[in-house]
file input.json (JSON, N, CA and C atoms)
[["chain", "number", "residue", "atom", "x", "y", "z"],
["F", 1, "MET", "N", 35.12, 5.07, 14.47],
["F", 1, "MET", "CA", 34.87, 4.91, 13.06],
["F", 1, "MET", "C", 33.60, 5.70, 12.71],
["F", 2, "ASN", "N", 33.65, 6.47, 11.64],
["F", 2, "ASN", "CA", 32.53, 7.28, 11.20],
["F", 2, "ASN", "C", 31.82, 6.58, 10.05],
["F", 3, "LEU", "N", 30.60, 6.07, 10.31],
["F", 3, "LEU", "CA", 29.83, 5.42, 9.26],
["F", 3, "LEU", "C", 29.04, 6.45, 8.48],
["F", 4, "PRO", "N", 28.87, 6.26, 7.17],
["F", 4, "PRO", "CA", 28.09, 7.21, 6.39],
["F", 4, "PRO", "C", 26.63, 7.21, 6.85],
["F", 5, "LYS", "N", 26.02, 8.37, 6.85],
["F", 5, "LYS", "CA", 24.64, 8.50, 7.28],
["F", 5, "LYS", "C", 23.71, 8.00, 6.18],
["F", 6, "GLU", "N", 22.70, 7.24, 6.58],
["F", 6, "GLU", "CA", 21.71, 6.74, 5.62],
["F", 6, "GLU", "C", 20.81, 7.90, 5.16],
["F", 7, "ILE", "N", 20.52, 7.94, 3.88],
["F", 7, "ILE", "CA", 19.64, 8.96, 3.32],
["F", 7, "ILE", "C", 18.34, 8.27, 2.91],
["F", 8, "VAL", "N", 17.22, 8.79, 3.44],
["F", 8, "VAL", "CA", 15.91, 8.18, 3.21],
["F", 8, "VAL", "C", 15.03, 9.14, 2.43],
["F", 9, "CYS", "N", 14.42, 8.65, 1.38],
["F", 9, "CYS", "CA", 13.45, 9.42, 0.60],
["F", 9, "CYS", "C", 12.06, 8.92, 0.97],
["F", 10, "HIS", "N", 11.22, 9.79, 1.52],
["F", 10, "HIS", "CA", 9.85, 9.43, 1.88],
["F", 10, "HIS", "C", 8.92, 9.78, 0.73],
["F", 11, "LEU", "N", 8.12, 8.82, 0.33],
["F", 11, "LEU", "CA", 7.17, 9.00, -0.76],
["F", 11, "LEU", "C", 5.77, 8.79, -0.20],
["F", 12, "GLU", "N", 5.02, 9.88, -0.01],
["F", 12, "GLU", "CA", 3.68, 9.82, 0.57],
["F", 12, "GLU", "C", 2.68, 9.64, -0.58],
["F", 13, "MET", "N", 1.91, 8.53, -0.54],
["F", 13, "MET", "CA", 1.07, 8.18, -1.68],
["F", 13, "MET", "C", -0.41, 8.09, -1.34],
["F", 14, "SER", "N", -0.88, 8.76, -0.31],
["F", 14, "SER", "CA", -2.27, 8.62, 0.10],
["F", 14, "SER", "C", -3.26, 9.09, -0.97],
["F", 15, "ALA", "N", -2.87, 9.97, -1.86],
["F", 15, "ALA", "CA", -3.76, 10.46, -2.91],
["F", 15, "ALA", "C", -3.77, 9.54, -4.14],
["F", 16, "VAL", "N", -2.89, 8.56, -4.18],
["F", 16, "VAL", "CA", -2.82, 7.64, -5.32],
["F", 16, "VAL", "C", -3.78, 6.48, -5.05],
["F", 17, "THR", "N", -4.66, 6.19, -6.00],
["F", 17, "THR", "CA", -5.66, 5.14, -5.79],
["F", 17, "THR", "C", -5.27, 3.80, -6.41],
["F", 18, "PHE", "N", -4.37, 3.80, -7.40],
["F", 18, "PHE", "CA", -4.01, 2.56, -8.07],
["F", 18, "PHE", "C", -2.61, 2.67, -8.67],
["F", 19, "VAL", "N", -1.86, 1.59, -8.60],
["F", 19, "VAL", "CA", -0.56, 1.50, -9.26],
["F", 19, "VAL", "C", -0.52, 0.17, -10.00],
["F", 20, "ASP", "N", -0.19, 0.21, -11.29],
["F", 20, "ASP", "CA", -0.10, -1.03, -12.06],
["F", 20, "ASP", "C", 1.33, -1.54, -12.06],
["F", 21, "VAL", "N", 1.57, -2.62, -12.79],
["F", 21, "VAL", "CA", 2.91, -3.24, -12.82],
["F", 21, "VAL", "C", 3.95, -2.28, -13.39],
["F", 22, "ALA", "N", 3.58, -1.48, -14.37],
["F", 22, "ALA", "CA", 4.53, -0.53, -14.94],
["F", 22, "ALA", "C", 4.98, 0.50, -13.90],
["F", 23, "GLY", "N", 4.04, 0.99, -13.11],
["F", 23, "GLY", "CA", 4.39, 1.96, -12.07],
["F", 23, "GLY", "C", 5.25, 1.33, -10.99],
["F", 24, "ALA", "N", 4.90, 0.12, -10.56],
["F", 24, "ALA", "CA", 5.69, -0.58, -9.56],
["F", 24, "ALA", "C", 7.08, -0.89, -10.10],
["F", 25, "SER", "N", 7.16, -1.25, -11.37],
["F", 25, "SER", "CA", 8.45, -1.54, -11.99],
["F", 25, "SER", "C", 9.34, -0.31, -12.04],
["F", 26, "ALA", "N", 8.76, 0.84, -12.39],
["F", 26, "ALA", "CA", 9.54, 2.08, -12.42],
["F", 26, "ALA", "C", 10.09, 2.40, -11.03],
["F", 27, "LEU", "N", 9.29, 2.20, -10.01],
["F", 27, "LEU", "CA", 9.74, 2.45, -8.64],
["F", 27, "LEU", "C", 10.84, 1.46, -8.24],
["F", 28, "ALA", "N", 10.66, 0.18, -8.58],
["F", 28, "ALA", "CA", 11.65, -0.84, -8.24],
["F", 28, "ALA", "C", 12.98, -0.59, -8.95],
["F", 29, "VAL", "N", 12.93, -0.24, -10.23],
["F", 29, "VAL", "CA", 14.16, 0.04, -10.98],
["F", 29, "VAL", "C", 14.89, 1.25, -10.39],
["F", 30, "ALA", "N", 14.13, 2.29, -10.05],
["F", 30, "ALA", "CA", 14.74, 3.48, -9.44],
["F", 30, "ALA", "C", 15.39, 3.10, -8.11],
["F", 31, "ALA", "N", 14.73, 2.28, -7.33],
["F", 31, "ALA", "CA", 15.29, 1.87, -6.04],
["F", 31, "ALA", "C", 16.54, 1.01, -6.21],
["F", 32, "GLN", "N", 16.55, 0.15, -7.20],
["F", 32, "GLN", "CA", 17.72, -0.70, -7.44],
["F", 32, "GLN", "C", 18.93, 0.11, -7.88],
["F", 33, "ASP", "N", 18.71, 1.27, -8.46],
["F", 33, "ASP", "CA", 19.81, 2.11, -8.91],
["F", 33, "ASP", "C", 20.31, 3.08, -7.85],
["F", 34, "LEU", "N", 19.73, 3.04, -6.66],
["F", 34, "LEU", "CA", 20.16, 3.95, -5.60],
["F", 34, "LEU", "C", 21.57, 3.62, -5.13],
["F", 35, "PRO", "N", 22.36, 4.64, -4.82],
["F", 35, "PRO", "CA", 23.68, 4.38, -4.24],
["F", 35, "PRO", "C", 23.55, 3.76, -2.85],
["F", 36, "ALA", "N", 24.64, 3.22, -2.36],
["F", 36, "ALA", "CA", 24.65, 2.63, -1.02],
["F", 36, "ALA", "C", 24.21, 3.66, 0.02],
["F", 37, "GLN", "N", 23.64, 3.18, 1.10],
["F", 37, "GLN", "CA", 23.19, 4.02, 2.21],
["F", 37, "GLN", "C", 21.97, 4.87, 1.87],
["F", 38, "ARG", "N", 21.23, 4.51, 0.84],
["F", 38, "ARG", "CA", 20.01, 5.23, 0.50],
["F", 38, "ARG", "C", 18.88, 4.24, 0.37],
["F", 39, "ARG", "N", 17.66, 4.70, 0.72],
["F", 39, "ARG", "CA", 16.49, 3.84, 0.59],
["F", 39, "ARG", "C", 15.25, 4.69, 0.42],
["F", 40, "ILE", "N", 14.16, 4.04, 0.05],
["F", 40, "ILE", "CA", 12.88, 4.71, -0.17],
["F", 40, "ILE", "C", 11.87, 4.16, 0.84],
["F", 41, "VAL", "N", 11.15, 5.05, 1.51],
["F", 41, "VAL", "CA", 10.06, 4.67, 2.40],
["F", 41, "VAL", "C", 8.77, 5.15, 1.74],
["F", 42, "ILE", "N", 7.89, 4.21, 1.44],
["F", 42, "ILE", "CA", 6.62, 4.54, 0.82],
["F", 42, "ILE", "C", 5.55, 4.56, 1.91],
["F", 43, "GLU", "N", 4.90, 5.70, 2.07],
["F", 43, "GLU", "CA", 3.89, 5.86, 3.11],
["F", 43, "GLU", "C", 2.49, 5.87, 2.50],
["F", 44, "ARG", "N", 1.61, 5.08, 3.07],
["F", 44, "ARG", "CA", 0.19, 5.01, 2.69],
["F", 44, "ARG", "C", -0.02, 4.76, 1.19],
["F", 45, "PRO", "N", 0.59, 3.68, 0.66],
["F", 45, "PRO", "CA", 0.43, 3.38, -0.77],
["F", 45, "PRO", "C", -0.93, 2.74, -1.04],
["F", 46, "PRO", "N", -1.35, 2.72, -2.31],
["F", 46, "PRO", "CA", -2.55, 1.96, -2.65],
["F", 46, "PRO", "C", -2.28, 0.48, -2.41],
["F", 47, "ALA", "N", -3.33, -0.28, -2.16],
["F", 47, "ALA", "CA", -3.19, -1.70, -1.79],
["F", 47, "ALA", "C", -2.44, -2.52, -2.83],
["F", 48, "THR", "N", -2.52, -2.13, -4.10],
["F", 48, "THR", "CA", -1.87, -2.92, -5.14],
["F", 48, "THR", "C", -0.34, -2.84, -5.07],
["F", 49, "LEU", "N", 0.20, -1.73, -4.63],
["F", 49, "LEU", "CA", 1.66, -1.56, -4.67],
["F", 49, "LEU", "C", 2.42, -2.54, -3.79],
["F", 50, "PRO", "N", 2.09, -2.69, -2.50],
["F", 50, "PRO", "CA", 2.83, -3.68, -1.70],
["F", 50, "PRO", "C", 2.71, -5.10, -2.25],
["F", 51, "ARG", "N", 1.53, -5.42, -2.78],
["F", 51, "ARG", "CA", 1.35, -6.76, -3.36],
["F", 51, "ARG", "C", 2.24, -6.98, -4.57],
["F", 52, "LEU", "N", 2.31, -5.98, -5.44],
["F", 52, "LEU", "CA", 3.17, -6.09, -6.62],
["F", 52, "LEU", "C", 4.64, -6.18, -6.23],
["F", 53, "LEU", "N", 5.06, -5.36, -5.28],
["F", 53, "LEU", "CA", 6.46, -5.41, -4.84],
["F", 53, "LEU", "C", 6.80, -6.76, -4.24],
["F", 54, "ASP", "N", 5.89, -7.32, -3.43],
["F", 54, "ASP", "CA", 6.13, -8.64, -2.83],
["F", 54, "ASP", "C", 6.15, -9.74, -3.88],
["F", 55, "MET", "N", 5.31, -9.60, -4.90],
["F", 55, "MET", "CA", 5.20, -10.64, -5.92],
["F", 55, "MET", "C", 6.39, -10.65, -6.88],
["F", 56, "PHE", "N", 6.79, -9.47, -7.35],
["F", 56, "PHE", "CA", 7.82, -9.41, -8.38],
["F", 56, "PHE", "C", 9.22, -9.04, -7.87],
["F", 57, "TRP", "N", 9.31, -8.37, -6.73],
["F", 57, "TRP", "CA", 10.59, -7.96, -6.17],
["F", 57, "TRP", "C", 10.63, -8.27, -4.68],
["F", 58, "PRO", "N", 10.52, -9.55, -4.30],
["F", 58, "PRO", "CA", 10.41, -9.90, -2.87],
["F", 58, "PRO", "C", 11.67, -9.58, -2.06],
["F", 59, "ASP", "N", 12.81, -9.50, -2.68],
["F", 59, "ASP", "CA", 14.07, -9.26, -1.95],
["F", 59, "ASP", "C", 14.57, -7.83, -2.08],
["F", 60, "LEU", "N", 13.73, -6.93, -2.50],
["F", 60, "LEU", "CA", 14.13, -5.52, -2.68],
["F", 60, "LEU", "C", 14.07, -4.83, -1.33],
["F", 61, "SER", "N", 15.20, -4.80, -0.65],
["F", 61, "SER", "CA", 15.24, -4.28, 0.72],
["F", 61, "SER", "C", 15.40, -2.76, 0.80],
["F", 62, "VAL", "N", 15.65, -2.09, -0.31],
["F", 62, "VAL", "CA", 15.81, -0.63, -0.27],
["F", 62, "VAL", "C", 14.48, 0.11, -0.31],
["F", 63, "ILE", "N", 13.36, -0.65, -0.44],
["F", 63, "ILE", "CA", 12.03, -0.05, -0.36],
["F", 63, "ILE", "C", 11.35, -0.58, 0.88],
["F", 64, "GLU", "N", 10.86, 0.34, 1.70],
["F", 64, "GLU", "CA", 10.08, -0.03, 2.89],
["F", 64, "GLU", "C", 8.69, 0.56, 2.71],
["F", 65, "VAL", "N", 7.66, -0.26, 2.96],
["F", 65, "VAL", "CA", 6.28, 0.20, 2.84],
["F", 65, "VAL", "C", 5.70, 0.38, 4.25],
["F", 66, "VAL", "N", 5.13, 1.57, 4.49],
["F", 66, "VAL", "CA", 4.55, 1.90, 5.79],
["F", 66, "VAL", "C", 3.08, 2.24, 5.56],
["F", 67, "ALA", "N", 2.17, 1.50, 6.21],
["F", 67, "ALA", "CA", 0.74, 1.73, 5.99],
["F", 67, "ALA", "C", 0.22, 2.98, 6.70],
["F", 68, "ARG", "N", 0.67, 3.24, 7.89],
["F", 68, "ARG", "CA", 0.23, 4.37, 8.73],
["F", 68, "ARG", "C", -1.23, 4.51, 8.73]]
call {"tool": "encode", "arguments": {"input": "input.json", "output": "structure tokens"}}
result
Amino acid sequence: MNLPKEIVCHLEMSAVTFVDVAGASALAVAAQDLPAQRRIVIERPPATLPRLLDMFWPDLSVIEVVAR
């Protein structure tokens, strides 16, 4: 059986110093609209982003946050 390959979009955010609720919401909405087998990996986000995602979208599994 041939399973479809997962497509991952890496978003490197080390130069971003702050993300507010509107920015986190835009990212969450975009992630929720992704087709099956796709996800977003956020690398080195500002500290506010993982907290906002956990607070308002705790079950959003198509976004993975990597501190690196």
call {"tool": "residues_near_point", "arguments": {"input": "input.json", "point": "(16.3, 7.2, 3.5)", "cutoff": "6.5 Å", "atoms": "all atoms listed in the file", "output": "PDB file with N, CA and C atoms, in the frame of the given file"}}
result
ATOM      1  N   GLU F   6      22.700   7.240   6.580  1.00  0.00           N
ATOM      2  CA  GLU F   6      21.710   6.740   5.620  1.00  0.00           C
ATOM      3  C   GLU F   6      20.810   7.900   5.160  1.00  0.00           C
ATOM      4  N   ILE F   7      20.520   7.940   3.880  1.00  0.00           N
ATOM      5  CA  ILE F   7      19.640   8.960   3.320  1.00  0.00           C
ATOM      6  C   ILE F   7      18.340   8.270   2.910  1.00  0.00           C
ATOM      7  N   VAL F   8      17.220   8.790   3.440  1.00  0.00           N
ATOM      8  CA  VAL F   8      15.910   8.180   3.210  1.00  0.00           C
ATOM      9  C   VAL F   8      15.030   9.140   2.430  1.00  0.00           C
ATOM     10  N   CYS F   9      14.420   8.650   1.380  1.00  0.00           N
ATOM     11  CA  CYS F   9      13.450   9.420   0.600  1.00  0.00           C
ATOM     12  C   CYS F   9      12.060   8.920   0.970  1.00  0.00           C
ATOM     13  N   HIS F  10      11.220   9.790   1.520  1.00  0.00           N
ATOM     14  CA  HIS F  10       9.850   9.430   1.880  1.00  0.00           C
ATOM     15  C   HIS F  10       8.920   9.780   0.730  1.00  0.00           C
ATOM     16  N   GLN F  37      23.640   3.180   1.100  1.00  0.00           N
ATOM     17  CA  GLN F  37      23.190   4.020   2.210  1.00  0.00           C
ATOM     18  C   GLN F  37      21.970   4.870   1.870  1.00  0.00           C
ATOM     19  N   ARG F  38      21.230   4.510   0.840  1.00  0.00           N
ATOM     20  CA  ARG F  38      20.010   5.230   0.500  1.00  0.00           C
ATOM     21  C   ARG F  38      18.880   4.240   0.370  1.00  0.00           C
ATOM     22  N   ARG F  39      17.660   4.700   0.720  1.00  0.00           N
ATOM     23  CA  ARG F  39      16.490   3.840   0.590  1.00  0.00           C
ATOM     24  C   ARG F  39      15.250   4.690   0.420  1.00  0.00           C
ATOM     25  N   ILE F  40      14.160   4.040   0.050  1.00  0.00           N
ATOM     26  CA  ILE F  40      12.880   4.710  -0.170  1.00  0.00           C
ATOM     27  C   ILE F  40      11.870   4.160   0.840  1.00  0.00           C
ATOM     28  N   VAL F  41      11.150   5.050   1.510  1.00  0.00           N
ATOM     29  CA  VAL F  41      10.060   4.670   2.400  1.00  0.00           C
ATOM     30  C   VAL F  41       8.770   5.150   1.740  1.00  0.00           C
TER      31      VAL F  41
END
call {"tool": "closest_residue", "arguments": {"input": "input.json", "among": "F:Pro46, F:Ala31, F:Arg51, F:Ala36", "to": "Ile63 in chain F", "atoms": "all atoms listed in the file"}}
result
F:Ala31
call {"tool": "residues_around", "arguments": {"input": "input.json", "residues": "Asp20 in chain F", "least_positions_apart": "6", "cutoff": "8 Å", "atoms": "all atoms listed in the file", "output": "PyMOL selection string"}}
result
chain F and resi 26+48-49+52
call {"tool": "atom_distance", "arguments": {"input": "input.json", "atom1": "atom N of Val29 in chain F", "atom2": "CA of Trp57 in chain F"}}
result
9.0 Å
call {"tool": "atom_distance", "arguments": {"input": "input.json", "atom1": "atom C of Thr17 in chain F", "atom2": "atom C of Asp33 in chain F"}}
result
25.6 Å
call {"tool": "residues_around", "arguments": {"input": "input.json", "residues": "Pro45 in chain F", "least_positions_apart": "2", "cutoff": "8 Å", "atoms": "only N, CA and C atoms", "output": "short mmCIF file (atom, residue, chain, number, x, y, z; two decimals) with N, CA and C atoms, keeping the file's coordinate frame"}}
result
data_model
loop_
_atom_site.label_atom_id
_atom_site.label_comp_id
_atom_site.auth_asym_id
_atom_site.auth_seq_id
_atom_site.Cartn_x
_atom_site.Cartn_y
_atom_site.Cartn_z
N LEU F 11 8.12 8.82 0.33
CA LEU F 11 7.17 9.00 -0.76
C LEU F 11 5.77 8.79 -0.20
N GLU F 12 5.02 9.88 -0.01
CA GLU F 12 3.68 9.82 0.57
C GLU F 12 2.68 9.64 -0.58
N MET F 13 1.91 8.53 -0.54
CA MET F 13 1.07 8.18 -1.68
C MET F 13 -0.41 8.09 -1.34
N SER F 14 -0.88 8.76 -0.31
CA SER F 14 -2.27 8.62 0.10
C SER F 14 -3.26 9.09 -0.97
N ALA F 15 -2.87 9.97 -1.86
CA ALA F 15 -3.76 10.46 -2.91
C ALA F 15 -3.77 9.54 -4.14
N VAL F 16 -2.89 8.56 -4.18
CA VAL F 16 -2.82 7.64 -5.32
C VAL F 16 -3.78 6.48 -5.05
N THR F 17 -4.66 6.19 -6.00
CA THR F 17 -5.66 5.14 -5.79
C THR F 17 -5.27 3.80 -6.41
N PHE F 18 -4.37 3.80 -7.40
CA PHE F 18 -4.01 2.56 -8.07
C PHE F 18 -2.61 2.67 -8.67
N VAL F 19 -1.86 1.59 -8.60
CA VAL F 19 -0.56 1.50 -9.26
C VAL F 19 -0.52 0.17 -10.00
N ILE F 42 7.89 4.21 1.44
CA ILE F 42 6.62 4.54 0.82
C ILE F 42 5.55 4.56 1.91
N GLU F 43 4.90 5.70 2.07
CA GLU F 43 3.89 5.86 3.11
C GLU F 43 2.49 5.87 2.50
N ALA F 47 -3.33 -0.28 -2.16
CA ALA F 47 -3.19 -1.70 -1.79
C ALA F 47 -2.44 -2.52 -2.83
N THR F 48 -2.52 -2.13 -4.10
CA THR F 48 -1.87 -2.92 -5.14
C THR F 48 -0.34 -2.84 -5.07
N LEU F 49 0.20 -1.73 -4.63
CA LEU F 49 1.66 -1.56 -4.67
C LEU F 49 2.42 -2.54 -3.79
N PRO F 50 2.09 -2.69 -2.50
CA PRO F 50 2.83 -3.68 -1.70
C PRO F 50 2.71 -5.10 -2.25
N VAL F 65 7.66 -0.26 2.96
CA VAL F 65 6.28 0.20 2.84
C VAL F 65 5.70 0.38 4.25
N VAL F 66 5.13 1.57 4.49
CA VAL F 66 4.55 1.90 5.79
C VAL F 66 3.08 2.24 5.56
N ALA F 67 2.17 1.50 6.21
CA ALA F 67 0.74 1.73 5.99
C ALA F 67 0.22 2.98 6.70
N ARG F 68 0.67 3.24 7.89
CA ARG F 68 0.23 4.37 8.73
C ARG F 68 -1.23 4.51 8.73
#
call {"tool": "closest_residue", "arguments": {"input": "input.json", "among": "F:Ala22, F:Gln32, F:Arg44, F:Leu27", "to": "Asp59 in chain F", "atoms": "only C-alpha atoms"}}
result
F:Gln32
call {"tool": "atom_distance", "arguments": {"input": "input.json", "atom1": "CA of Phe56 in chain F", "atom2": "atom C of Leu34 in chain F"}}
result
19.2 Å
call {"tool": "select_by_dssp", "arguments": {"input": "input.json", "residues": "chain F", "states": "helix (DSSP H, G or I)", "output": "PDB file with N, CA and C atoms, in the coordinates of the input"}}
result
ATOM      1  N   VAL F  21       1.570  -2.620 -12.790  1.00  0.00           N
ATOM      2  CA  VAL F  21       2.910  -3.240 -12.820  1.00  0.00           C
ATOM      3  C   VAL F  21       3.950  -2.280 -13.390  1.00  0.00           C
ATOM      4  N   ALA F  22       3.580  -1.480 -14.370  1.00  0.00           N
ATOM      5  CA  ALA F  22       4.530  -0.530 -14.940  1.00  0.00           C
ATOM      6  C   ALA F  22       4.980   0.500 -13.900  1.00  0.00           C
ATOM      7  N   GLY F  23       4.040   0.990 -13.110  1.00  0.00           N
ATOM      8  CA  GLY F  23       4.390   1.960 -12.070  1.00  0.00           C
ATOM      9  C   GLY F  23       5.250   1.330 -10.990  1.00  0.00           C
ATOM     10  N   ALA F  24       4.900   0.120 -10.560  1.00  0.00           N
ATOM     11  CA  ALA F  24       5.690  -0.580  -9.560  1.00  0.00           C
ATOM     12  C   ALA F  24       7.080  -0.890 -10.100  1.00  0.00           C
ATOM     13  N   SER F  25       7.160  -1.250 -11.370  1.00  0.00           N
ATOM     14  CA  SER F  25       8.450  -1.540 -11.990  1.00  0.00           C
ATOM     15  C   SER F  25       9.340  -0.310 -12.040  1.00  0.00           C
ATOM     16  N   ALA F  26       8.760   0.840 -12.390  1.00  0.00           N
ATOM     17  CA  ALA F  26       9.540   2.080 -12.420  1.00  0.00           C
ATOM     18  C   ALA F  26      10.090   2.400 -11.030  1.00  0.00           C
ATOM     19  N   LEU F  27       9.290   2.200 -10.010  1.00  0.00           N
ATOM     20  CA  LEU F  27       9.740   2.450  -8.640  1.00  0.00           C
ATOM     21  C   LEU F  27      10.840   1.460  -8.240  1.00  0.00           C
ATOM     22  N   ALA F  28      10.660   0.180  -8.580  1.00  0.00           N
ATOM     23  CA  ALA F  28      11.650  -0.840  -8.240  1.00  0.00           C
ATOM     24  C   ALA F  28      12.980  -0.590  -8.950  1.00  0.00           C
ATOM     25  N   VAL F  29      12.930  -0.240 -10.230  1.00  0.00           N
ATOM     26  CA  VAL F  29      14.160   0.040 -10.980  1.00  0.00           C
ATOM     27  C   VAL F  29      14.890   1.250 -10.390  1.00  0.00           C
ATOM     28  N   ALA F  30      14.130   2.290 -10.050  1.00  0.00           N
ATOM     29  CA  ALA F  30      14.740   3.480  -9.440  1.00  0.00           C
ATOM     30  C   ALA F  30      15.390   3.100  -8.110  1.00  0.00           C
ATOM     31  N   ALA F  31      14.730   2.280  -7.330  1.00  0.00           N
ATOM     32  CA  ALA F  31      15.290   1.870  -6.040  1.00  0.00           C
ATOM     33  C   ALA F  31      16.540   1.010  -6.210  1.00  0.00           C
ATOM     34  N   GLN F  32      16.550   0.150  -7.200  1.00  0.00           N
ATOM     35  CA  GLN F  32      17.720  -0.700  -7.440  1.00  0.00           C
ATOM     36  C   GLN F  32      18.930   0.110  -7.880  1.00  0.00           C
ATOM     37  N   THR F  48      -2.520  -2.130  -4.100  1.00  0.00           N
ATOM     38  CA  THR F  48      -1.870  -2.920  -5.140  1.00  0.00           C
ATOM     39  C   THR F  48      -0.340  -2.840  -5.070  1.00  0.00           C
ATOM     40  N   LEU F  49       0.200  -1.730  -4.630  1.00  0.00           N
ATOM     41  CA  LEU F  49       1.660  -1.560  -4.670  1.00  0.00           C
ATOM     42  C   LEU F  49       2.420  -2.540  -3.790  1.00  0.00           C
ATOM     43  N   PRO F  50       2.090  -2.690  -2.500  1.00  0.00           N
ATOM     44  CA  PRO F  50       2.830  -3.680  -1.700  1.00  0.00           C
ATOM     45  C   PRO F  50       2.710  -5.100  -2.250  1.00  0.00           C
ATOM     46  N   ARG F  51       1.530  -5.420  -2.780  1.00  0.00           N
ATOM     47  CA  ARG F  51       1.350  -6.760  -3.360  1.00  0.00           C
ATOM     48  C   ARG F  51       2.240  -6.980  -4.570  1.00  0.00           C
ATOM     49  N   LEU F  52       2.310  -5.980  -5.440  1.00  0.00           N
ATOM     50  CA  LEU F  52       3.170  -6.090  -6.620  1.00  0.00           C
ATOM     51  C   LEU F  52       4.640  -6.180  -6.230  1.00  0.00           C
ATOM     52  N   LEU F  53       5.060  -5.360  -5.280  1.00  0.00           N
ATOM     53  CA  LEU F  53       6.460  -5.410  -4.840  1.00  0.00           C
ATOM     54  C   LEU F  53       6.800  -6.760  -4.240  1.00  0.00           C
ATOM     55  N   ASP F  54       5.890  -7.320  -3.430  1.00  0.00           N
ATOM     56  CA  ASP F  54       6.130  -8.640  -2.830  1.00  0.00           C
ATOM     57  C   ASP F  54       6.150  -9.740  -3.880  1.00  0.00           C
ATOM     58  N   MET F  55       5.310  -9.600  -4.900  1.00  0.00           N
ATOM     59  CA  MET F  55       5.200 -10.640  -5.920  1.00  0.00           C
ATOM     60  C   MET F  55       6.390 -10.650  -6.880  1.00  0.00           C
ATOM     61  N   PHE F  56       6.790  -9.470  -7.350  1.00  0.00           N
ATOM     62  CA  PHE F  56       7.820  -9.410  -8.380  1.00  0.00           C
ATOM     63  C   PHE F  56       9.220  -9.040  -7.870  1.00  0.00           C
TER      64      PHE F  56
END
call {"tool": "select_by_dssp", "arguments": {"input": "input.json", "residues": "range 23-64 of chain F", "states": "strand (DSSP E)", "output": "PyMOL selection string"}}
result
chain F and resi 38-43+63-64
call {"tool": "write_last_selection", "arguments": {"input": "input.json", "atoms": "N, CA and C atoms", "output": "tab-separated table (two decimals), in the coordinates of the input"}}
result
chain	number	residue	atom	x	y	z
F	38	ARG	N	21.23	4.51	0.84
F	38	ARG	CA	20.01	5.23	0.50
F	38	ARG	C	18.88	4.24	0.37
F	39	ARG	N	17.66	4.70	0.72
F	39	ARG	CA	16.49	3.84	0.59
F	39	ARG	C	15.25	4.69	0.42
F	40	ILE	N	14.16	4.04	0.05
F	40	ILE	CA	12.88	4.71	-0.17
F	40	ILE	C	11.87	4.16	0.84
F	41	VAL	N	11.15	5.05	1.51
F	41	VAL	CA	10.06	4.67	2.40
F	41	VAL	C	8.77	5.15	1.74
F	42	ILE	N	7.89	4.21	1.44
F	42	ILE	CA	6.62	4.54	0.82
F	42	ILE	C	5.55	4.56	1.91
F	43	GLU	N	4.90	5.70	2.07
F	43	GLU	CA	3.89	5.86	3.11
F	43	GLU	C	2.49	5.87	2.50
F	63	ILE	N	13.36	-0.65	-0.44
F	63	ILE	CA	12.03	-0.05	-0.36
F	63	ILE	C	11.35	-0.58	0.88
F	64	GLU	N	10.86	0.34	1.70
F	64	GLU	CA	10.08	-0.03	2.89
F	64	GLU	C	8.69	0.56	2.71
call {"tool": "decode", "arguments": {"input": "input.json", "residues": "range 19-27 of chain F", "atoms": "N, CA, C and O atoms", "output": "PDB file, in the first residue's frame"}}
result
ATOM      1  N   VAL F  19       4.812  37.995  19.034  1.00  0.00           N
ATOM      2  CA  VAL F  19       3.619  37.661  18.254  1.00  0.00           C
ATOM      3  C   VAL F  19       2.417  37.863  19.165  1.00  0.00           C
ATOM      4  O   VAL F  19       2.387  37.334  20.275  1.00  0.00           O
ATOM      5  N   ASP F  20       1.427  38.636  18.699  1.00  0.00           N
ATOM      6  CA  ASP F  20       0.225  38.843  19.501  1.00  0.00           C
ATOM      7  C   ASP F  20      -0.847  37.833  19.112  1.00  0.00           C
ATOM      8  O   ASP F  20      -0.623  36.949  18.293  1.00  0.00           O
ATOM      9  N   VAL F  21      -2.021  37.958  19.716  1.00  0.00           N
ATOM     10  CA  VAL F  21      -3.109  37.006  19.461  1.00  0.00           C
ATOM     11  C   VAL F  21      -3.535  37.025  17.997  1.00  0.00           C
ATOM     12  O   VAL F  21      -3.853  35.982  17.425  1.00  0.00           O
ATOM     13  N   ALA F  22      -3.527  38.184  17.370  1.00  0.00           N
ATOM     14  CA  ALA F  22      -3.915  38.263  15.956  1.00  0.00           C
ATOM     15  C   ALA F  22      -2.945  37.469  15.076  1.00  0.00           C
ATOM     16  O   ALA F  22      -3.368  36.763  14.161  1.00  0.00           O
ATOM     17  N   GLY F  23      -1.663  37.576  15.354  1.00  0.00           N
ATOM     18  CA  GLY F  23      -0.673  36.822  14.585  1.00  0.00           C
ATOM     19  C   GLY F  23      -0.795  35.333  14.813  1.00  0.00           C
ATOM     20  O   GLY F  23      -0.719  34.526  13.883  1.00  0.00           O
ATOM     21  N   ALA F  24      -0.979  34.927  16.065  1.00  0.00           N
ATOM     22  CA  ALA F  24      -1.155  33.511  16.385  1.00  0.00           C
ATOM     23  C   ALA F  24      -2.437  32.979  15.758  1.00  0.00           C
ATOM     24  O   ALA F  24      -2.478  31.849  15.255  1.00  0.00           O
ATOM     25  N   SER F  25      -3.480  33.796  15.759  1.00  0.00           N
ATOM     26  CA  SER F  25      -4.750  33.395  15.158  1.00  0.00           C
ATOM     27  C   SER F  25      -4.611  33.185  13.654  1.00  0.00           C
ATOM     28  O   SER F  25      -5.137  32.214  13.101  1.00  0.00           O
ATOM     29  N   ALA F  26      -3.901  34.087  12.986  1.00  0.00           N
ATOM     30  CA  ALA F  26      -3.688  33.945  11.543  1.00  0.00           C
ATOM     31  C   ALA F  26      -2.943  32.644  11.239  1.00  0.00           C
ATOM     32  O   ALA F  26      -3.285  31.933  10.287  1.00  0.00           O
ATOM     33  N   LEU F  27      -1.954  32.327  12.042  1.00  0.00           N
ATOM     34  CA  LEU F  27      -1.197  31.086  11.855  1.00  0.00           C
ATOM     35  C   LEU F  27      -2.081  29.860  12.116  1.00  0.00           C
ATOM     36  O   LEU F  27      -2.067  28.893  11.353  1.00  0.00           O
TER      37      LEU F  27
END
